[in-house]
Amino acid sequence: MQDHTVAVDRSTTPTSLTFAPVFNVAVAFIDRHIEEGRSDKLAIRTTKGEAVTFGALADSVNRTGNVLQGLGIKRGERVLMVVKDCPQFFGLFWGAIKAGIIPVPLNTLLRAPDYRFMIEDSECAGIVYSPEYATEVEPALAAAALNPKVCLPIAGEGECLDALIADVSSELVPVPAKPEDDCFWLYSSGTTGTPKGAVHVHRDMVLTSELYGVGILGMRDSDVCFSAAKLFFAYGLGNAMTMPLWTGASAVLLPGPPTPQVVFDVIEQYKPTLFFGVPTLYAAQLRELDQGPQDLSSLRACISAGEALPADIFRRWHEKTGCLILDGIGSTEALHIFISNRDDGYRPGSSGRPVPGYDAAILDDAGQEVSVGESGRLKIRGQSNAAYYWNDPEKTRAIMVDGWLDTGDTYYRDEEGYYYFCGRNDDMLKVGGIWCSPFEIEAKLIEHPRVLEAAVVGKAADDGLIKPAAFVVLIDAGEAGDAMAEELLQHCKNGLAKYKYPRWITFSDQLPKTATGKIQRYKLR
Ligand code: 3UK
């Protein structure tokens, strides 16, 4: 067998990583554990009572890779995954990679039109989905202008992954790759609502796991990771899959929604050492903690990302639980967190300092670095940054320049080197840590026959977290009222991903506009 190894030297800062010239990353994350004697160690537990060892995981990775190859999916072709958090997610993701196929995990909260776009945009050879999502995936397939050769539910009565796996070999030779070859994609939302596939290469997951997982969190094989953020987000993918696999730790998977009480129950029962959440969830959990204490004694750290963590939530959580929440900013393009607080260096309200291995720069409009305390555009350089956007050379040229990634965020840095988030440079909102385009909600509102115009902006709720607020002009102003607001709300909930509805609807006679007719969103904020 070829080498596929990566040499890790932790005596330097940042850690130095040397990749073998032939390197399929599935070997470093899956097969290595068998060679290192972890076959019987637990890799995954689920809240449904499943337990998967590293040995069983390697077996299912090989079988899933063989199933995909057997169905005729070729090297370099894409397989979309609409899969809940479950062991099969691991099997599919790594089985595809080991077989030279590109897995593309998709947000499972999306709707049929979103999936249709991604089926067409990716020109995928296959789509594999948890049966729960058939109601959105099947209409997307029916409407798509392109028919992937493989459409496979994970489980069910007819042909499904779980059944096919039993009939194939448990041996699979890794397809040779180079560290900088395309490996997997993640879709990232754009301002105009059409997502872009960020293409990551084989070495990227090694970089994020080592630089952030080991470097910042000090992860080791005794850790148990629980991420409320799902595996299909770059954040969840790192938290609950790549970082625990890299370090020989284990992950606890919750297939269903992470409601505050369920999350507390999982922590009490499965005793994770690391918990990964988003600010909205910490805020909701704080409300639960007002009702009575919860057992969080297993945790050695809590982590937050996705949107800025308000200092007040940090302080109240620390007061109530004794735990720090380490806020860090990451992105789909950078793959994981590149600026972070750490337990030996944190500031409430700040995103922390650059993770060693990443360079950060804050630039003014002329492209010059600003001085301490002044705000500007945050750019980031690091080896885990996506290689390019699929199908979009223009966007690639605009966002990824000379190894630097334009984050689209405005930041300032204080004299101690801590970075503070000031807002986005575009109109995009983060709601519960998930992208939400105001244009998409506006378009949905305007579809309603009684709506003339609509504008959506971000508005801070009581806890300081941003949610979408809609301003609506009706064709007949006389219809404004609670009943119409309720109708518009239902209209949005029926047509958009569940988290994208406006939390406030304000009727007005007109929207503020420029001379050229462009809505002046800043006036509504
Ligand atoms: C915003 C933050 C302030 C910021 C992500 C951790 O969120 C992740 O990736 P996305 O591609 O979004 C990236 C954008 O989200 N953001 C994220 N974290 C913070 N803003 N403070 C934060 N702590 O606008 C950024 O450009 O969805 C987070 C790990 C991997 C990720 N992909």
# chains A, B, ... in the order shown; residues from 1 in each chain; ligands from 1
>>> select_by_dssp(residues="range 193-306 of chain A", states="strand (DSSP E)", output="list of chain:residue names")
A:Lys196, A:Gly197, A:Ala198, A:Val199, A:His200, A:Val201, A:Val224, A:Cys225, A:Phe226, A:Ser227, A:Ser250, A:Ala251, A:Val252, A:Leu253, A:Leu274, A:Phe275, A:Phe276, A:Gly277, A:Ala301, A:Cys302, A:Ile303, A:Ser304
>>> write_last_selection(atoms="all heavy atoms", output="compact mmCIF listing (two decimals), in the first residue's frame")
# COMPACT_ATOMS: atom_id res chain seq x y z
N LYS A 196 -22.72 28.85 -3.31
CA LYS A 196 -21.51 28.53 -4.08
C LYS A 196 -20.84 27.32 -3.44
O LYS A 196 -20.67 27.28 -2.22
CB LYS A 196 -20.51 29.69 -4.00
CG LYS A 196 -21.10 31.03 -4.39
CD LYS A 196 -20.94 31.29 -5.86
CE LYS A 196 -21.65 32.57 -6.27
NZ LYS A 196 -23.13 32.46 -6.29
N GLY A 197 -20.39 26.39 -4.26
CA GLY A 197 -19.67 25.24 -3.74
C GLY A 197 -18.22 25.59 -3.46
O GLY A 197 -17.46 25.89 -4.38
N ALA A 198 -17.84 25.61 -2.18
CA ALA A 198 -16.43 25.86 -1.81
C ALA A 198 -15.70 24.53 -1.86
O ALA A 198 -16.09 23.57 -1.19
CB ALA A 198 -16.35 26.47 -0.42
N VAL A 199 -14.67 24.46 -2.68
CA VAL A 199 -13.97 23.20 -2.93
C VAL A 199 -12.78 23.06 -1.98
O VAL A 199 -11.87 23.89 -2.00
CB VAL A 199 -13.48 23.12 -4.39
CG1 VAL A 199 -12.73 21.82 -4.64
CG2 VAL A 199 -14.66 23.28 -5.36
N HIS A 200 -12.82 22.05 -1.13
CA HIS A 200 -11.72 21.81 -0.21
C HIS A 200 -10.88 20.62 -0.67
O HIS A 200 -11.40 19.70 -1.29
CB HIS A 200 -12.27 21.56 1.20
CG HIS A 200 -12.65 22.83 1.90
ND1 HIS A 200 -11.70 23.70 2.40
CD2 HIS A 200 -13.85 23.41 2.14
CE1 HIS A 200 -12.31 24.75 2.94
NE2 HIS A 200 -13.62 24.61 2.78
N VAL A 201 -9.60 20.67 -0.35
CA VAL A 201 -8.67 19.64 -0.81
C VAL A 201 -8.33 18.68 0.33
O VAL A 201 -8.70 18.92 1.49
CB VAL A 201 -7.41 20.27 -1.43
CG1 VAL A 201 -7.78 21.23 -2.56
CG2 VAL A 201 -6.55 20.99 -0.39
N VAL A 224 -14.66 13.60 24.55
CA VAL A 224 -15.95 13.21 23.98
C VAL A 224 -16.59 14.51 23.50
O VAL A 224 -16.77 15.44 24.28
CB VAL A 224 -16.84 12.54 25.05
CG1 VAL A 224 -18.20 12.18 24.46
CG2 VAL A 224 -16.15 11.31 25.63
N CYS A 225 -16.89 14.59 22.19
CA CYS A 225 -17.36 15.84 21.59
C CYS A 225 -18.85 15.76 21.32
O CYS A 225 -19.33 14.77 20.77
CB CYS A 225 -16.65 16.09 20.26
SG CYS A 225 -14.87 16.16 20.44
N PHE A 226 -19.54 16.82 21.67
CA PHE A 226 -20.96 16.91 21.34
C PHE A 226 -21.21 18.27 20.70
O PHE A 226 -20.93 19.30 21.29
CB PHE A 226 -21.82 16.73 22.59
CG PHE A 226 -23.30 16.98 22.36
CD1 PHE A 226 -23.92 16.52 21.21
CD2 PHE A 226 -24.05 17.66 23.29
CE1 PHE A 226 -25.27 16.75 20.98
CE2 PHE A 226 -25.41 17.90 23.08
CZ PHE A 226 -26.02 17.44 21.92
N SER A 227 -21.70 18.23 19.47
CA SER A 227 -21.95 19.47 18.73
C SER A 227 -23.44 19.63 18.45
O SER A 227 -24.04 18.77 17.82
CB SER A 227 -21.19 19.43 17.40
OG SER A 227 -21.52 20.57 16.62
N SER A 250 -14.01 10.65 20.73
CA SER A 250 -15.27 10.13 20.23
C SER A 250 -16.30 11.25 20.12
O SER A 250 -16.13 12.32 20.70
CB SER A 250 -15.79 8.99 21.11
OG SER A 250 -16.25 9.51 22.32
N ALA A 251 -17.35 10.97 19.36
CA ALA A 251 -18.40 11.96 19.15
C ALA A 251 -19.73 11.39 19.59
O ALA A 251 -19.97 10.19 19.48
CB ALA A 251 -18.47 12.33 17.67
N VAL A 252 -20.58 12.26 20.12
CA VAL A 252 -21.96 11.89 20.44
C VAL A 252 -22.84 12.55 19.39
O VAL A 252 -22.75 13.77 19.19
CB VAL A 252 -22.37 12.43 21.83
CG1 VAL A 252 -23.82 12.05 22.13
CG2 VAL A 252 -21.44 11.89 22.90
N LEU A 253 -23.67 11.77 18.69
CA LEU A 253 -24.52 12.34 17.65
C LEU A 253 -25.98 12.37 18.09
O LEU A 253 -26.49 11.38 18.62
CB LEU A 253 -24.42 11.51 16.36
CG LEU A 253 -23.04 11.38 15.72
CD1 LEU A 253 -23.15 10.58 14.42
CD2 LEU A 253 -22.40 12.74 15.45
N LEU A 274 -16.35 18.25 25.62
CA LEU A 274 -16.39 19.49 24.83
C LEU A 274 -17.79 19.63 24.24
O LEU A 274 -18.31 18.68 23.64
CB LEU A 274 -15.36 19.42 23.69
CG LEU A 274 -13.89 19.34 24.12
CD1 LEU A 274 -13.00 19.00 22.93
CD2 LEU A 274 -13.45 20.67 24.75
N PHE A 275 -18.36 20.82 24.41
CA PHE A 275 -19.68 21.08 23.84
C PHE A 275 -19.59 22.26 22.88
O PHE A 275 -19.01 23.30 23.21
CB PHE A 275 -20.70 21.37 24.94
CG PHE A 275 -22.01 21.85 24.39
CD1 PHE A 275 -22.79 21.01 23.61
CD2 PHE A 275 -22.44 23.16 24.59
CE1 PHE A 275 -23.99 21.46 23.05
CE2 PHE A 275 -23.64 23.62 24.04
CZ PHE A 275 -24.41 22.76 23.27
N PHE A 276 -20.16 22.09 21.70
CA PHE A 276 -20.11 23.11 20.65
C PHE A 276 -21.52 23.60 20.36
O PHE A 276 -22.37 22.82 19.93
CB PHE A 276 -19.52 22.52 19.37
CG PHE A 276 -18.13 21.95 19.54
CD1 PHE A 276 -17.94 20.65 20.02
CD2 PHE A 276 -17.01 22.71 19.22
CE1 PHE A 276 -16.66 20.12 20.17
CE2 PHE A 276 -15.72 22.19 19.36
CZ PHE A 276 -15.55 20.89 19.84
N GLY A 277 -21.77 24.88 20.57
CA GLY A 277 -23.09 25.45 20.31
C GLY A 277 -22.99 26.74 19.52
O GLY A 277 -21.91 27.11 19.05
N ALA A 301 -14.80 22.42 28.33
CA ALA A 301 -14.93 23.69 27.62
C ALA A 301 -16.21 23.71 26.80
O ALA A 301 -16.70 22.66 26.36
CB ALA A 301 -13.74 23.93 26.70
N CYS A 302 -16.76 24.92 26.63
CA CYS A 302 -17.88 25.15 25.72
C CYS A 302 -17.35 26.05 24.61
O CYS A 302 -16.55 26.95 24.87
CB CYS A 302 -19.02 25.87 26.42
SG CYS A 302 -19.78 24.86 27.70
N ILE A 303 -17.81 25.80 23.40
CA ILE A 303 -17.33 26.56 22.25
C ILE A 303 -18.53 27.18 21.54
O ILE A 303 -19.60 26.58 21.48
CB ILE A 303 -16.55 25.64 21.28
CG1 ILE A 303 -15.26 25.14 21.95
CG2 ILE A 303 -16.20 26.35 19.98
CD1 ILE A 303 -15.36 23.83 22.65
N SER A 304 -18.34 28.40 21.03
CA SER A 304 -19.40 29.05 20.27
C SER A 304 -18.83 29.60 18.97
O SER A 304 -17.71 30.10 18.94
CB SER A 304 -20.02 30.20 21.09
OG SER A 304 -20.99 30.89 20.32
>>> residues_around(residues="Ala283 in chain A", least_positions_apart="3", cutoff="9 Å", atoms="only C-alpha atoms", output="list in words")
Val278, Pro279, Thr280, Leu286, Arg287, Ile313, Trp317, Asp463 and Leu465 of chain A
>>> residues_near_ligand(ligand="ligand 1", cutoff="8 Å", atoms="only C-alpha atoms and all ligand atoms", output="ChimeraX atom specification")
/A:188-189,233-236,238,304-309,327-337,340,350-351,407-409,421,423-424,430,433-435
>>> write_last_selection(atoms="N, CA, C and O atoms", output="short mmCIF file (atom, residue, chain, number, x, y, z; two decimals), in the first residue's frame")
data_model
loop_
_atom_site.label_atom_id
_atom_site.label_comp_id
_atom_site.auth_asym_id
_atom_site.auth_seq_id
_atom_site.Cartn_x
_atom_site.Cartn_y
_atom_site.Cartn_z
N SER A 188 -21.76 27.35 0.35
CA SER A 188 -21.79 28.52 1.20
C SER A 188 -22.78 29.50 0.58
O SER A 188 -22.84 29.62 -0.65
N SER A 189 -23.62 30.14 1.40
CA SER A 189 -24.69 30.97 0.84
C SER A 189 -24.15 32.30 0.35
O SER A 189 -23.30 32.90 0.98
N PHE A 233 -22.84 21.49 8.53
CA PHE A 233 -22.15 22.78 8.60
C PHE A 233 -20.65 22.52 8.73
O PHE A 233 -20.26 21.57 9.42
N ALA A 234 -19.84 23.38 8.16
CA ALA A 234 -18.39 23.21 8.35
C ALA A 234 -18.06 23.17 9.84
O ALA A 234 -17.20 22.40 10.28
N TYR A 235 -18.77 23.96 10.62
CA TYR A 235 -18.54 24.00 12.07
C TYR A 235 -18.81 22.63 12.70
O TYR A 235 -17.95 22.04 13.35
N GLY A 236 -20.00 22.08 12.44
CA GLY A 236 -20.37 20.78 13.00
C GLY A 236 -19.49 19.64 12.45
O GLY A 236 -19.13 18.72 13.17
N GLY A 238 -16.40 19.74 11.62
CA GLY A 238 -15.15 19.72 12.37
C GLY A 238 -15.36 19.25 13.80
O GLY A 238 -14.65 18.37 14.28
N SER A 304 -18.34 28.40 21.03
CA SER A 304 -19.40 29.05 20.27
C SER A 304 -18.83 29.60 18.97
O SER A 304 -17.71 30.10 18.94
N ALA A 305 -19.62 29.51 17.90
CA ALA A 305 -19.24 30.10 16.61
C ALA A 305 -20.49 30.25 15.77
O ALA A 305 -21.58 29.89 16.21
N GLY A 306 -20.34 30.79 14.58
CA GLY A 306 -21.47 30.96 13.67
C GLY A 306 -21.92 32.41 13.61
O GLY A 306 -22.25 32.93 12.56
N GLU A 307 -21.99 33.05 14.75
CA GLU A 307 -22.23 34.49 14.83
C GLU A 307 -21.60 34.96 16.14
O GLU A 307 -21.22 34.14 16.97
N ALA A 308 -21.50 36.28 16.29
CA ALA A 308 -20.79 36.81 17.47
C ALA A 308 -21.53 36.44 18.75
O ALA A 308 -22.76 36.52 18.83
N LEU A 309 -20.78 36.06 19.77
CA LEU A 309 -21.36 35.74 21.08
C LEU A 309 -21.40 37.02 21.92
O LEU A 309 -20.34 37.56 22.25
N ASP A 327 -15.50 31.73 22.24
CA ASP A 327 -16.04 32.18 20.95
C ASP A 327 -14.91 32.17 19.92
O ASP A 327 -13.77 32.53 20.25
N GLY A 328 -15.23 31.75 18.71
CA GLY A 328 -14.25 31.79 17.63
C GLY A 328 -14.97 32.01 16.32
O GLY A 328 -16.11 31.57 16.16
N ILE A 329 -14.30 32.70 15.38
CA ILE A 329 -14.92 32.87 14.07
C ILE A 329 -14.30 31.91 13.06
O ILE A 329 -13.07 31.77 12.99
N GLY A 330 -15.18 31.25 12.33
CA GLY A 330 -14.74 30.37 11.25
C GLY A 330 -15.58 30.64 10.03
O GLY A 330 -16.48 31.48 10.07
N SER A 331 -15.30 29.96 8.95
CA SER A 331 -16.16 30.08 7.78
C SER A 331 -16.08 28.81 6.95
O SER A 331 -15.14 28.01 7.10
N THR A 332 -17.08 28.63 6.10
CA THR A 332 -17.12 27.49 5.21
C THR A 332 -15.87 27.48 4.32
O THR A 332 -15.29 26.43 4.06
N GLU A 333 -15.47 28.67 3.88
CA GLU A 333 -14.32 28.77 2.99
C GLU A 333 -13.02 28.43 3.72
O GLU A 333 -12.12 27.82 3.14
N ALA A 334 -12.89 28.86 4.98
CA ALA A 334 -11.67 28.54 5.74
C ALA A 334 -11.76 27.16 6.37
O ALA A 334 -10.80 26.65 6.91
N LEU A 335 -12.93 26.57 6.32
CA LEU A 335 -13.30 25.24 6.82
C LEU A 335 -13.59 25.20 8.31
O LEU A 335 -14.54 24.56 8.74
N HIS A 336 -12.76 25.88 9.14
CA HIS A 336 -13.10 25.89 10.56
C HIS A 336 -12.63 27.21 11.17
O HIS A 336 -12.46 28.20 10.45
N ILE A 337 -12.46 27.21 12.49
CA ILE A 337 -12.21 28.46 13.21
C ILE A 337 -10.77 28.94 13.00
O ILE A 337 -9.82 28.16 13.13
N SER A 340 -9.73 32.81 17.49
CA SER A 340 -10.44 32.17 18.60
C SER A 340 -9.94 32.65 19.96
O SER A 340 -8.77 32.99 20.13
N SER A 350 -15.26 39.42 22.36
CA SER A 350 -14.26 39.38 21.29
C SER A 350 -14.27 38.00 20.64
O SER A 350 -14.68 37.01 21.27
N SER A 351 -13.79 37.91 19.38
CA SER A 351 -13.63 36.60 18.74
C SER A 351 -12.30 35.97 19.11
O SER A 351 -12.02 34.85 18.69
N THR A 407 -13.22 37.72 4.11
CA THR A 407 -14.28 37.09 4.92
C THR A 407 -15.63 37.78 4.72
O THR A 407 -16.66 37.21 5.06
N GLY A 408 -15.61 39.05 4.24
CA GLY A 408 -16.87 39.80 4.16
C GLY A 408 -17.27 40.41 5.49
O GLY A 408 -18.37 40.94 5.63
N ASP A 409 -16.38 40.31 6.48
CA ASP A 409 -16.68 40.85 7.81
C ASP A 409 -15.85 42.10 8.10
O ASP A 409 -14.73 42.23 7.63
N PHE A 421 -15.69 41.72 16.27
CA PHE A 421 -16.61 41.73 15.12
C PHE A 421 -17.45 43.01 15.13
O PHE A 421 -18.01 43.38 16.16
N GLY A 423 -19.58 43.72 12.14
CA GLY A 423 -20.73 43.53 11.24
C GLY A 423 -20.27 42.99 9.90
O GLY A 423 -19.07 42.82 9.65
N ARG A 424 -21.24 42.72 9.03
CA ARG A 424 -20.96 42.21 7.69
C ARG A 424 -20.79 43.38 6.72
O ARG A 424 -21.35 44.45 6.91
N LYS A 430 -26.87 36.37 9.92
CA LYS A 430 -26.69 35.07 10.54
C LYS A 430 -27.81 34.92 11.55
O LYS A 430 -27.94 35.72 12.46
N GLY A 433 -26.85 31.27 13.86
CA GLY A 433 -25.58 30.77 13.32
C GLY A 433 -25.67 30.33 11.87
O GLY A 433 -24.69 29.90 11.29
N ILE A 434 -26.86 30.42 11.25
CA ILE A 434 -27.04 29.95 9.88
C ILE A 434 -27.31 31.13 8.96
O ILE A 434 -28.07 32.04 9.31
N TRP A 435 -26.73 31.09 7.77
CA TRP A 435 -26.93 32.17 6.81
C TRP A 435 -28.40 32.36 6.46
O TRP A 435 -29.14 31.40 6.27
#
>>> residues_around(residues="Gly156 in chain A", least_positions_apart="5", cutoff="12 Å", atoms="only C-alpha atoms", output="list in words")
Tyr129, Ser130, Pro131, Glu132, Ala134, Leu161, Asp162, Ala163 and Leu164 of chain A
>>> residues_around(residues="Ala56 in chain A", least_positions_apart="3", cutoff="12 Å", atoms="only C-alpha atoms", output="list in words")
Ile30, Asp31, His33, Ile34, Arg38, Ser39, Asp40, Lys41, Leu42, Ala43, Ile44, Glu50, Ala51, Val52, Thr53, Asp59, Ser60, Val61, Asn62, Arg63, Pro87, Gln88, Phe90, Gly91 and Ser170 of chain A
>>> residues_around(residues="Gly481 in chain A", least_positions_apart="6", cutoff="10 Å", atoms="only C-alpha atoms", output="PyMOL selection string")
chain A and resi 505-507
>>> residues_around(residues="Gly376 in chain A", least_positions_apart="5", cutoff="6 Å", atoms="only C-alpha atoms", output="PyMOL selection string")
chain A and resi 362-364+410-411
>>> write_last_selection(atoms="N, CA, C and O atoms", output="PDB file, in the first residue's frame")
ATOM      1  N   ILE A 362      -6.523  43.341   8.724  1.00  0.00           N
ATOM      2  CA  ILE A 362      -7.699  44.210   8.623  1.00  0.00           C
ATOM      3  C   ILE A 362      -7.325  45.374   7.715  1.00  0.00           C
ATOM      4  O   ILE A 362      -6.365  46.095   7.991  1.00  0.00           O
ATOM      5  N   LEU A 363      -8.070  45.506   6.614  1.00  0.00           N
ATOM      6  CA  LEU A 363      -7.671  46.448   5.562  1.00  0.00           C
ATOM      7  C   LEU A 363      -8.704  47.556   5.369  1.00  0.00           C
ATOM      8  O   LEU A 363      -9.905  47.326   5.546  1.00  0.00           O
ATOM      9  N   ASP A 364      -8.209  48.747   4.995  1.00  0.00           N
ATOM     10  CA  ASP A 364      -9.134  49.832   4.644  1.00  0.00           C
ATOM     11  C   ASP A 364      -9.551  49.693   3.178  1.00  0.00           C
ATOM     12  O   ASP A 364      -9.131  48.760   2.488  1.00  0.00           O
ATOM     13  N   THR A 410     -16.451  42.999   8.888  1.00  0.00           N
ATOM     14  CA  THR A 410     -15.710  44.147   9.393  1.00  0.00           C
ATOM     15  C   THR A 410     -15.266  43.846  10.818  1.00  0.00           C
ATOM     16  O   THR A 410     -16.068  43.381  11.636  1.00  0.00           O
ATOM     17  N   TYR A 411     -13.995  44.089  11.085  1.00  0.00           N
ATOM     18  CA  TYR A 411     -13.402  43.795  12.399  1.00  0.00           C
ATOM     19  C   TYR A 411     -12.481  44.935  12.827  1.00  0.00           C
ATOM     20  O   TYR A 411     -11.982  45.692  11.987  1.00  0.00           O
TER      21      TYR A 411
END
>>> residues_around(residues="Pro354 in chain A", least_positions_apart="5", cutoff="9 Å", atoms="only C-alpha atoms", output="number ranges by chain")
A: 338-341, 359-360, 417-419
>>> closest_residue(among="A:Cys422, A:Ile380, A:Cys151, A:Leu245", to="Glu210 in chain A", atoms="only C-alpha atoms")
A:Leu245
>>> closest_residue(among="A:Pro310, A:Thr64, A:Lys178, A:Lys467", to="Ile154 in chain A", atoms="only C-alpha atoms")
A:Thr64
>>> select_by_dssp(residues="range 136-307 of chain A", states="helix (DSSP H, G or I)", output="number ranges by chain")
A: 136-143, 161-165, 204-214, 234-247, 260-270, 279-289
>>> closest_residue(among="A:Ala361, A:Ala455, A:Met219, A:Val82", to="Phe232 in chain A", atoms="only C-alpha atoms")
A:Val82
>>> atom_distance(atom1="CA of Leu378 in chain A", atom2="CA of Asp402 in chain A")
14.8 Å
>>> closest_residue(among="A:Lys84, A:Val27, A:Ala386, A:Ile267", to="Asp181 in chain A", atoms="only C-alpha atoms")
A:Ala386
>>> closest_residue(among="A:Leu71, A:Ile441, A:Ala112, A:Leu488", to="Ala144 in chain A", atoms="only C-alpha atoms")
A:Ala112
